[in-house]
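Novice: Can you keep this structure in mind? I'll have questions shortly.
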There are 2 protein chains.
Amino acid sequence: MNTGNRIFKPLPLRKVKLSGGFWGEKNQLVREKVIPIQWQILNDEIPCAELSHVIKNFKIAAGEAEGEFHGQVFQDSDLAKWLEAVAYSLTTNPDPELEELADQMVDLIGRAQQADGYLNTYFTLKEPDKRWSNLRVCHELYIAGHLIEAAVAYYQATGKNKFLNQMCKLADHIDRVLGREKGKQPGYPGHEEIELALVKLYRVTGEERYLKLSKYFIDQRGQKPNYFETEARGRGEQFSADSKHFGLGYYQAHLPVREQTTMEGHAVRAMYLLCGMIDVAIETRESALLESARRLWKNVTQKRMYLTGGIGASSYGEAFSFDYDLPNSTAYAETCAAIGLVFVAHRMLQLTPDREYADVMEKALYNGVISGISLDGERFFYVNPLAVSPEVCANRHDHFHVKPERQKWFDCACCPPNLARLLTSIGEYFYTINQDEIYIHLYGNSTAQVGGAEEVQLTQETAYPWEGKVRITVSTKQPTCFTLALRIPGWCRQAQLRVNGEEYNLLDGLVNGYAKISRRWRNGDLVELMMAMPVERVYSHPLVAANLGKVALQRGPIIYCLEEIDNGPNLSAIGLPLKAKLTVKHRPDLLGGVPVITGEAVRITGDDWGDSLYANQPPAQVKTEITAVPYFAWNNRGNGEMLVWIRET
Amino acid sequence: MNTGNRIFKPLPLRKVKLSGGFWGEKNQLVREKVIPIQWQILNDEIPCAELSHVIKNFKIAAGEAEGEFHGQVFQDSDLAKWLEAVAYSLTTNPDPELEELADQMVDLIGRAQQADGYLNTYFTLKEPDKRWSNLRVCHELYIAGHLIEAAVAYYQATGKNKFLNQMCKLADHIDRVLGREKGKQPGYPGHEEIELALVKLYRVTGEERYLKLSKYFIDQRGQKPNYFETEARGRGEQFSADSKHFGLGYYQAHLPVREQTTMEGHAVRAMYLLCGMIDVAIETRESALLESARRLWKNVTQKRMYLTGGIGASSYGEAFSFDYDLPNSTAYAETCAAIGLVFVAHRMLQLTPDREYADVMEKALYNGVISGISLDGERFFYVNPLAVSPEVCANRHDHFHVKPERQKWFDCACCPPNLARLLTSIGEYFYTINQDEIYIHLYGNSTAQVGGAEEVQLTQETAYPWEGKVRITVSTKQPTCFTLALRIPGWCRQAQLRVNGEEYNLLDGLVNGYAKISRRWRNGDLVELMMAMPVERVYSHPLVAANLGKVALQRGPIIYCLEEIDNGPNLSAIGLPLKAKLTVKHRPDLLGGVPVITGEAVRITGDDWGDSLYANQPPAQVKTEITAVPYFAWNNRGNGEMLVWIRET
């Protein structure tokens with residue numbers, strides 16, 4: 001196995017045990033609610049908008065059931081993502097019954113796989129002679145990628161290699177069909193995913209062909225003659241390569257990836273591509289690829305990212321639009337795209353432990369990712385705008401993509417299972433390690449086995465993100481030297497650090513936003529990090545036209561919003577004075593127990609306005625009290641308006 | 001003839017001679033530029049996006065040319081609107097050459113007309129057996145309406161009755177086919193227009209059947225069982241009557257018109273329906289119909305109208321959305337819809353001389369109507385938003401309906417000819433008369449023959465709308481008693497009136513916004529109206545979310561806007577302090593000579609901001625000078641941003 005190229009490896013999921021706390025509870029919610037619900041959906045036991053039919057498709061493909069393929073061309077991936085989430089769940093919380101279900105699914109997948117390794121129920125059942133003929137649209141490689149990710153996770157969770165072997169067979173098949181060599185098709189996926197999956201497969205099997213195949217997909221993308229154009233011509237399809245919204249840019253195939261300077265097209269695809277680029281660059285240390293990945297990261301995070309870590313400002317194409325175009329009410333900001341951004345940030349941290357990456361990861365996690373799931377784990381947002389008016393969504397076609405309430409499931413059900421696999425594996429995002437350094441990126445109640453002969457264990461105790469104090473206890477059988485690097489988040493403007501009760505000068509050891517404590521650690525050593533967590537006012541870059549004159553509220557990593565239920569309707573009528581005092585109130589009764597922000601504000605009122613639509617006198621303003629709640633928790637108390645960016649008066 | 005039911009008749013076009021001034025110049029522009037250009041287009045002599053083919057269609061239908069029908073199903077109406085504009089032009093500015101062209105077209109129309117009176121080149125050439133089988137979509141009655149309007153205008157202009165007789169034949173045919181009587185189809189048009197046209201035909205011919213037919217169309221609309229549903233079923237078409245955007249509401253056929261309380265659907269259709277309702281109500285004095293028209297008028301003008309008089313907040317369906325939903329950058333505000341609103345207001349004034357109606361008429365005329373045509377008369381806006389960013393229009397699909405520059409012509413070329421017929425007949429909107437009252441609704445250099453034996457003539461001299469002073473000289477062969485009622489516009493907060501140099505107490509005679517001067521007028525009597533015309537700040541009703549915290553600038557009836565060429569890019573970064581002094585500067589060099597508004601404002605600047613997308617410090621503000629120009633004149637100096645509603649700071 002070759003994972004040595006990664007300088008900063010994530011501490012594997014099995015080493016990090018969450019014990020309650022914010023992420024522990026989310027993790028539990030997914031294990032107890034989402035995975036069982038999704039299992040029922042995969043088995044068509046819950047009436048959704050459309051039946052899933054996923055397992056049925058596999059059974060038909062295996063020759064064990066009668067019927068036709070139903071669902072999206074990428075339907076198989078739903079089973080893959082479920083299995084991946086199950087694998088993570090089994091890693092942290094063994095469950096023989098669940099594992100037995102998963103084993104059955106692995107067996108079924110094996111029986112649905114073709115003799116040559118090919119695996120895709122859509123093509124097997126519907127168009128067996130059309131395999132690999134429409135890489136741009138038909139998601140064969142995307143599904144393969146998700147299955148491979150699931151197999152790697154399942155192998156790591158259980159040690160069982162059946163699924164992994166099946167997927168090696170599939171990868172080998174792909175390797176025989178696609179590539180630059182004579183007799184192969186020089187194609188690559190319309191929806192990226194296989195790239196990052198193949199690197200995972202390479203890391204777990206040590207088979208260099210998989211890394212090479214991944215690198216091929218990265219390298220070939222956007223080269224001329226463009227494969228998607230050739231392929232479309234071959235099928236006699238009209239494909240407008242230059243089309244603004246669904247041309248090559250939609251697929252990030254308008255230029256070779258090393259020449260791309262702005263992140264274009266479908267936001268989820270773009271993030272998965274970036275993941276693949278970084279993964280390959282981690283292994284190959286190719287600076288041009290790294291450079292391009294960093295450039296695209298900067299373009300996204302400095303010009304195309306919502307305050308919540310949501311990305312994709314255009315519903316048409318589920319895509320990036322252009323620099324600083326971040327409209328609030330028409331945002332797409334797909335849950336999966338924010339998840340993709342987390343994946344990217346997590347990989348960036350494996351190259352460079354810079355707070356910049358962890359800050360974005362944290363921002364997306366606490367806001368634009370988990371806004372996707374209701375507090376009870378039963379409903380989901382696909383689209384996560386920063387301003388919602390149910391009346392506008394119901395009446396304006398340009399807001400039809402925005403659902404003002406979370407849905408039970410979706411025809412295109414990518415987001416809920418994506419949330420499931422992220423939240424079941426969230427422990428893996430806490431730490432990266434490098435020889436004698438341990439980086440802590442996320443804070444949350446947990447115990448980490450940092451491994452090595454010394455059996456170092458780190459125990460975090462904290463009420464983060466609601467309180468800024470984190471206690472980290474070191475357990476070690478014998479004194480051992482290493483550096484503990486604690487992220488001082490970008491949002492934090494005042495922090496204190498104590499080691500065994502003694503003040504530690506933060507400035508001394510702050511490297512790229514991490515406070516590094518290098519010492520010979522003894523059992524029971526205690527690190528205390530105190531991050532001041534006042535309410536912060538946040539402003540947008542002045543080129544973000546949508547937010548000019550507006551302010552958002554943040555406390556710790558949590559972005560706040562106004563909801564109609566707390567603040568009445570017509571939220572845009574609220575103005576927050578520049579100097580208004582803002583107070584935090586802990587509300588154990590509210591939304592599962594969250595601090596709310598309250599303050600004196602003003603509200604434009606129509607009380608004395610009369611009937612006319614326009615007038616020469618400004619409308620009256622009255623004083624009002626506002627209450628802001630965490631953005632991720634909105635729409636858990638019925639439907640109504642929501643607003644993140646508030647007029648500052 | 002029976003026109004006696006109208007209490008306040010418009011002073012006919014032939015009686016009002018414009019002599020330069022604002023409307024005189026627009027009128028001249030249309031006569032000299034638009035009518036000849038449109039003639040060339042109708043003859044396919046100017047390469048447009050798509051060839052017009054209109055005259056060719058008529059020639060083929062007349063059996064005088066080979067080929068097939070080309071164009072929209074409503075293509076015939078382009079010739080009708082051209083003829084109507086020509087008729088108005090001939091009324092005020094005789095032109096034998098142009099009249100000869102028009103006569104040829106009338107002859108051609110006659111030859112294309114079928115023996116039974118039917119006239120429609122699409123159906124005659126393409127689907128002769130499908131006549132009257134798709135009233136909802138196919139515009140047969142719409143075209144008939146426009147042809148009838150043209151014929152009435154042409155008769156009034158020239159005294160020639162050939163066209164009129166052709167159209168009577170067509171109307172008679174329609175009367176035989178459609179109606180509630182046995183053997184007829186109980187249908188009505190998908191696009192209203194015939195209703196108002198038939199009332200015109202009735203008024204000029206005195207034939208009561210035409211009024212009755214018009215009233216039938218009004219009465220039948222939206223009755224159950226719904227004709228459009230029945231009709232669709234008959235054709236085996238799937239028609240979703242309840243569909244949000246293209247169901248019955250789109251056609252104003254969701255309810256009988258007397259039961260409608262909000263103005264729904266396609267904005268142009270809605271306005272033409274209102275015109276028909278009012279026209280019928282003027283003749284029948286039916287209070288329920290009047291009541292409904294007034295209710296719908298109030299809904300539009302108090303809840304669904306942009307500050308410019310533009311209507312239709314949704315591009316999808318070119319339609320009204322819901323109360324107070326008036327987004328600026330995604331507005332549709334079709335030029336034709338604002339024109340339709342002028343038609344409605346003009347009819348309201350025939351029932352009730354209330355400033356409310358004339359104010360809206362004036363607002364639309366000076367802003368949302370003539371924004372549709374460039375100052376040189378060569379380019380046109382179809383869509384008239386109140387905020388435009390060319391970058392957003394180019395990149396965001398939800399703004400694709402907005403063209404950031406005026407176009408030469410359109411595939412669906414309704415707006416330019418509609419502008420042409422309105423601006424050639426603008427004189428008819430100046431006055432209404434009633435026995436011994438003369439109401440002045442619009443101010444502009446002109447001479448009006450008020451008629452009667454006394455041959456009273458009113459001469460207006462004014463630089464309106466740029467200056468608020470209007471001199472009205474009365475000429476009369478012998479002293480004569482009548483009431484002169486001068487509109488004191490709603491925008492005007494301070495006015496003075498003098499009669500022969502003597503102050504006239506405005507409050508004494510102000511009725512519904514009109515200053516009434518009743519006296520025995522002698523030749524040479526001089527009325528002087530002085531309207532103070534400071535810069536006014538305008539605010540929206542607080543339920544208009546888009547404009548909360550924003551202010552617009554108005555002077556006289558003219559709405560102002562900021563353009564990038566005067567104020568730099570990122571116009572939303574500009575804030576106008578509540579107390580900022582605003583100054584008017586007359587700029588004879590600019591935009592054909594307009595006053596501009598200048599003032600001290602502030603601008604949020606990104607100069608010291610850095611790379612980050614979000615920060616905890618508000619961005620810096622710098623002082624800036626703003627220059628606002630009349631909204632209608634924007635985009636006459638190249639492309640760039642435009643903004644009406646400015647943040648007030």
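Letters for chains follow the order of the structure tokens (A, B, ...), residue numbers begin at 1 for each chain, and ligand numbers begin at 1 in the order shown.
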As a count of residues only, could you give me every residue of chain B near chain A (at most 7 Å apart, counting only C-alpha atoms)?
Specialist: 34
Novice: Need the shell around Ile55 in chain A: protein/DNA/RNA residues with any atom at most 12 Å away, counting only C-alpha atoms. Skip same-chain ones fewer than 3 positions apart. Format as a PyMOL selection string?
Specialist: chain A and resi 38-45+51-52+58-62+64-65+69-71+75-80+82+102+104-109+112+121
Novice: Take the residues that were just selected and, keeping N, CA, C and O atoms, output them as a CSV table (one decimal), in the first residue's frame.
Specialist:
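Dumped everything to out-v1.csv:
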```csv
chain,number,residue,atom,x,y,z
A,38,GLN,N,-33.8,5.3,4.6
A,38,GLN,CA,-33.3,5.1,3.2
A,38,GLN,C,-33.4,3.6,2.8
A,38,GLN,O,-33.7,3.3,1.7
A,39,TRP,N,-33.2,2.7,3.8
A,39,TRP,CA,-33.3,1.3,3.5
A,39,TRP,C,-34.8,1.0,3.0
A,39,TRP,O,-35.0,0.3,2.0
A,40,GLN,N,-35.7,1.5,3.7
A,40,GLN,CA,-37.1,1.3,3.3
A,40,GLN,C,-37.4,1.9,1.9
A,40,GLN,O,-38.1,1.3,1.2
A,41,ILE,N,-36.8,3.1,1.7
A,41,ILE,CA,-37.0,3.7,0.4
A,41,ILE,C,-36.4,2.8,-0.7
A,41,ILE,O,-37.0,2.6,-1.8
A,42,LEU,N,-35.2,2.3,-0.5
A,42,LEU,CA,-34.5,1.5,-1.5
A,42,LEU,C,-35.4,0.3,-1.8
A,42,LEU,O,-35.3,-0.3,-2.9
A,43,ASN,N,-36.1,-0.2,-0.8
A,43,ASN,CA,-37.0,-1.3,-1.0
A,43,ASN,C,-38.4,-1.0,-1.3
A,43,ASN,O,-39.3,-1.9,-1.3
A,44,ASP,N,-38.6,0.3,-1.7
A,44,ASP,CA,-40.0,0.7,-2.1
A,44,ASP,C,-41.0,0.5,-1.0
A,44,ASP,O,-42.2,0.2,-1.3
A,45,GLU,N,-40.6,0.6,0.2
A,45,GLU,CA,-41.5,0.4,1.3
A,45,GLU,C,-42.1,1.7,1.8
A,45,GLU,O,-43.0,1.8,2.7
A,51,LEU,N,-41.2,5.8,-6.9
A,51,LEU,CA,-40.6,4.7,-6.2
A,51,LEU,C,-39.1,4.6,-6.5
A,51,LEU,O,-38.7,4.9,-7.6
A,52,SER,N,-38.4,4.2,-5.6
A,52,SER,CA,-36.9,4.1,-5.8
A,52,SER,C,-36.6,3.0,-6.7
A,52,SER,O,-35.8,3.2,-7.7
A,58,PHE,N,-31.5,-4.1,-9.2
A,58,PHE,CA,-30.4,-5.0,-9.1
A,58,PHE,C,-30.9,-6.5,-9.2
A,58,PHE,O,-30.3,-7.3,-9.8
A,59,LYS,N,-32.0,-6.7,-8.6
A,59,LYS,CA,-32.6,-8.1,-8.6
A,59,LYS,C,-32.9,-8.5,-10.0
A,59,LYS,O,-32.6,-9.7,-10.4
A,60,ILE,N,-33.5,-7.6,-10.8
A,60,ILE,CA,-33.8,-7.9,-12.2
A,60,ILE,C,-32.6,-8.2,-12.9
A,60,ILE,O,-32.4,-9.2,-13.7
A,61,ALA,N,-31.6,-7.3,-12.7
A,61,ALA,CA,-30.3,-7.5,-13.4
A,61,ALA,C,-29.6,-8.8,-13.1
A,61,ALA,O,-28.9,-9.4,-13.9
A,62,ALA,N,-29.9,-9.2,-11.8
A,62,ALA,CA,-29.3,-10.5,-11.4
A,62,ALA,C,-30.1,-11.7,-11.8
A,62,ALA,O,-29.7,-12.8,-11.5
A,64,GLU,N,-33.1,-12.4,-10.8
A,64,GLU,CA,-33.8,-12.9,-9.7
A,64,GLU,C,-35.2,-12.3,-9.6
A,64,GLU,O,-35.9,-12.6,-8.6
A,65,ALA,N,-35.5,-11.4,-10.4
A,65,ALA,CA,-36.9,-10.8,-10.4
A,65,ALA,C,-37.3,-10.5,-11.8
A,65,ALA,O,-36.4,-10.3,-12.7
A,69,PHE,N,-36.3,-2.0,-15.7
A,69,PHE,CA,-35.6,-1.0,-15.0
A,69,PHE,C,-36.5,0.2,-14.8
A,69,PHE,O,-37.2,0.6,-15.7
A,70,HIS,N,-36.4,0.8,-13.6
A,70,HIS,CA,-37.2,2.1,-13.3
A,70,HIS,C,-36.3,3.0,-12.6
A,70,HIS,O,-35.4,2.6,-11.8
A,71,GLY,N,-36.5,4.3,-12.8
A,71,GLY,CA,-35.7,5.3,-12.1
A,71,GLY,C,-34.8,6.1,-13.0
A,71,GLY,O,-34.8,6.0,-14.2
A,75,GLN,N,-29.7,5.7,-10.9
A,75,GLN,CA,-30.4,5.2,-9.7
A,75,GLN,C,-29.5,4.3,-8.8
A,75,GLN,O,-29.6,4.3,-7.6
A,76,ASP,N,-28.7,3.5,-9.5
A,76,ASP,CA,-27.8,2.5,-8.8
A,76,ASP,C,-27.0,3.2,-7.7
A,76,ASP,O,-26.7,2.6,-6.6
A,77,SER,N,-26.7,4.5,-7.9
A,77,SER,CA,-25.8,5.1,-6.9
A,77,SER,C,-26.5,5.3,-5.6
A,77,SER,O,-25.8,5.5,-4.5
A,78,ASP,N,-27.8,5.3,-5.5
A,78,ASP,CA,-28.5,5.4,-4.2
A,78,ASP,C,-28.1,4.2,-3.3
A,78,ASP,O,-27.9,4.4,-2.1
A,79,LEU,N,-28.0,3.0,-3.9
A,79,LEU,CA,-27.6,1.8,-3.1
A,79,LEU,C,-26.2,2.0,-2.7
A,79,LEU,O,-25.8,1.7,-1.6
A,80,ALA,N,-25.4,2.5,-3.6
A,80,ALA,CA,-23.9,2.6,-3.3
A,80,ALA,C,-23.8,3.6,-2.1
A,80,ALA,O,-23.0,3.3,-1.1
A,82,TRP,N,-25.9,4.4,0.2
A,82,TRP,CA,-26.5,3.8,1.4
A,82,TRP,C,-25.4,2.8,2.0
A,82,TRP,O,-25.2,2.9,3.2
A,102,ALA,N,-26.3,-5.5,4.7
A,102,ALA,CA,-25.3,-5.0,3.8
A,102,ALA,C,-24.6,-6.1,3.0
A,102,ALA,O,-24.4,-6.0,1.8
A,104,GLN,N,-25.9,-8.9,2.3
A,104,GLN,CA,-26.9,-9.4,1.3
A,104,GLN,C,-26.9,-8.4,0.0
A,104,GLN,O,-26.9,-8.9,-1.1
A,105,MET,N,-26.7,-7.2,0.3
A,105,MET,CA,-26.7,-6.2,-0.8
A,105,MET,C,-25.4,-6.4,-1.6
A,105,MET,O,-25.4,-6.3,-2.9
A,106,VAL,N,-24.3,-6.7,-0.9
A,106,VAL,CA,-23.0,-6.9,-1.6
A,106,VAL,C,-23.2,-8.2,-2.5
A,106,VAL,O,-22.8,-8.2,-3.7
A,107,ASP,N,-23.8,-9.2,-2.0
A,107,ASP,CA,-24.0,-10.4,-2.7
A,107,ASP,C,-24.9,-10.1,-4.0
A,107,ASP,O,-24.6,-10.6,-5.1
A,108,LEU,N,-25.9,-9.3,-3.7
A,108,LEU,CA,-26.8,-9.0,-4.9
A,108,LEU,C,-26.0,-8.2,-5.9
A,108,LEU,O,-26.2,-8.5,-7.1
A,109,ILE,N,-25.2,-7.3,-5.5
A,109,ILE,CA,-24.4,-6.5,-6.5
A,109,ILE,C,-23.6,-7.5,-7.3
A,109,ILE,O,-23.5,-7.4,-8.5
A,112,ALA,N,-25.5,-9.2,-9.9
A,112,ALA,CA,-25.9,-8.3,-10.9
A,112,ALA,C,-24.7,-7.9,-11.8
A,112,ALA,O,-24.9,-7.3,-12.9
A,121,THR,N,-27.2,-1.3,-13.7
A,121,THR,CA,-28.4,-2.0,-14.0
A,121,THR,C,-29.2,-1.4,-15.1
A,121,THR,O,-29.9,-2.0,-15.9
```
Novice: Excluding Gln350 in chain A and residues on its chain fewer than 2 positions from it, collect all residues at most 6 Å away from it, counting only C-alpha atoms, and give them as a ChimeraX atom specification.
Specialist: /A:8-9,347-348,352
Novice: If you count only C-alpha atoms, which residues fall within 8 Å of range 627-631 of chain A, apart from same-chain ones fewer than 2 positions away, as a PyMOL selection string?
Specialist: chain A and resi 367+371+558-563+566-567+594-599+625+633-634+644
Novice: Identify, with DSSP run on backbone atoms, the residues in range 318-504 of chain A assigned to strand (DSSP E or B), and express the list as JSON, numbers by chain.
Specialist: {"A": [319, 334, 373, 380, 383, 387, 388, 407, 431, 432, 433, 434, 437, 438, 439, 440, 446, 447, 448, 449, 450, 451, 456, 457, 458, 459, 460, 461, 462, 469, 470, 471, 472, 473, 474, 475, 480, 481, 482, 483, 484, 485, 486, 487, 495, 496, 497, 498, 499, 502, 503]}
Novice: Please return as a count of residues only: the residues of range 315-346 of chain A that backbone DSSP assigns to helix (DSSP H, G or I).
Specialist: 12
Novice: Write out as a compact mmCIF listing (two decimals) with N, CA and C atoms, in the first residue's frame each polymer residue whose atoms come within 10 Å of Leu18 in chain B, counting only C-alpha atoms; drop sequence neighbours fewer than 6 positions from it.
Specialist:
```txt
# COMPACT_ATOMS: atom_id res chain seq x y z
N GLY B 24 -45.02 65.94 -29.45
CA GLY B 24 -44.93 66.28 -30.87
C GLY B 24 -43.68 65.67 -31.49
N GLU B 25 -42.61 65.71 -30.74
CA GLU B 25 -41.36 65.14 -31.27
C GLU B 25 -41.41 63.61 -31.34
N ASN B 27 -44.08 61.89 -31.68
CA ASN B 27 -45.01 61.63 -32.77
C ASN B 27 -44.29 61.71 -34.12
N GLN B 28 -43.50 62.75 -34.26
CA GLN B 28 -42.75 62.95 -35.51
C GLN B 28 -41.75 61.81 -35.73
N THR B 92 -53.29 63.25 -38.80
CA THR B 92 -52.65 64.50 -38.36
C THR B 92 -51.72 65.07 -39.43
N ILE B 426 -51.31 59.99 -30.06
CA ILE B 426 -51.17 60.51 -28.70
C ILE B 426 -52.05 61.75 -28.46
N GLY B 427 -52.29 62.50 -29.53
CA GLY B 427 -53.12 63.71 -29.39
C GLY B 427 -54.49 63.39 -28.81
N GLY B 444 -48.84 69.66 -23.29
CA GLY B 444 -47.86 69.61 -24.35
C GLY B 444 -48.23 70.60 -25.44
N ASN B 445 -47.22 71.09 -26.10
CA ASN B 445 -47.47 72.08 -27.16
C ASN B 445 -48.46 71.54 -28.17
N SER B 446 -49.55 72.24 -28.32
CA SER B 446 -50.59 71.72 -29.19
C SER B 446 -51.68 72.76 -29.39
N THR B 447 -52.45 72.53 -30.42
CA THR B 447 -53.62 73.36 -30.66
C THR B 447 -54.81 72.42 -30.81
N ALA B 448 -55.84 72.72 -30.06
CA ALA B 448 -57.00 71.83 -30.08
C ALA B 448 -58.23 72.60 -30.55
N THR B 459 -54.81 76.64 -27.25
CA THR B 459 -53.41 76.49 -27.62
C THR B 459 -52.56 76.34 -26.37
N GLN B 460 -51.90 75.21 -26.29
CA GLN B 460 -51.00 74.98 -25.15
C GLN B 460 -49.58 75.34 -25.55
```
Novice: Could you state the separation of CA of Glu467 in chain B and CA of Ile517 in chain B in Å, given to one decimal place?
Specialist: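 Straight-line distance from CA of Glu467 in chain B to CA of Ile517 in chain B works out to 22.4 Å.
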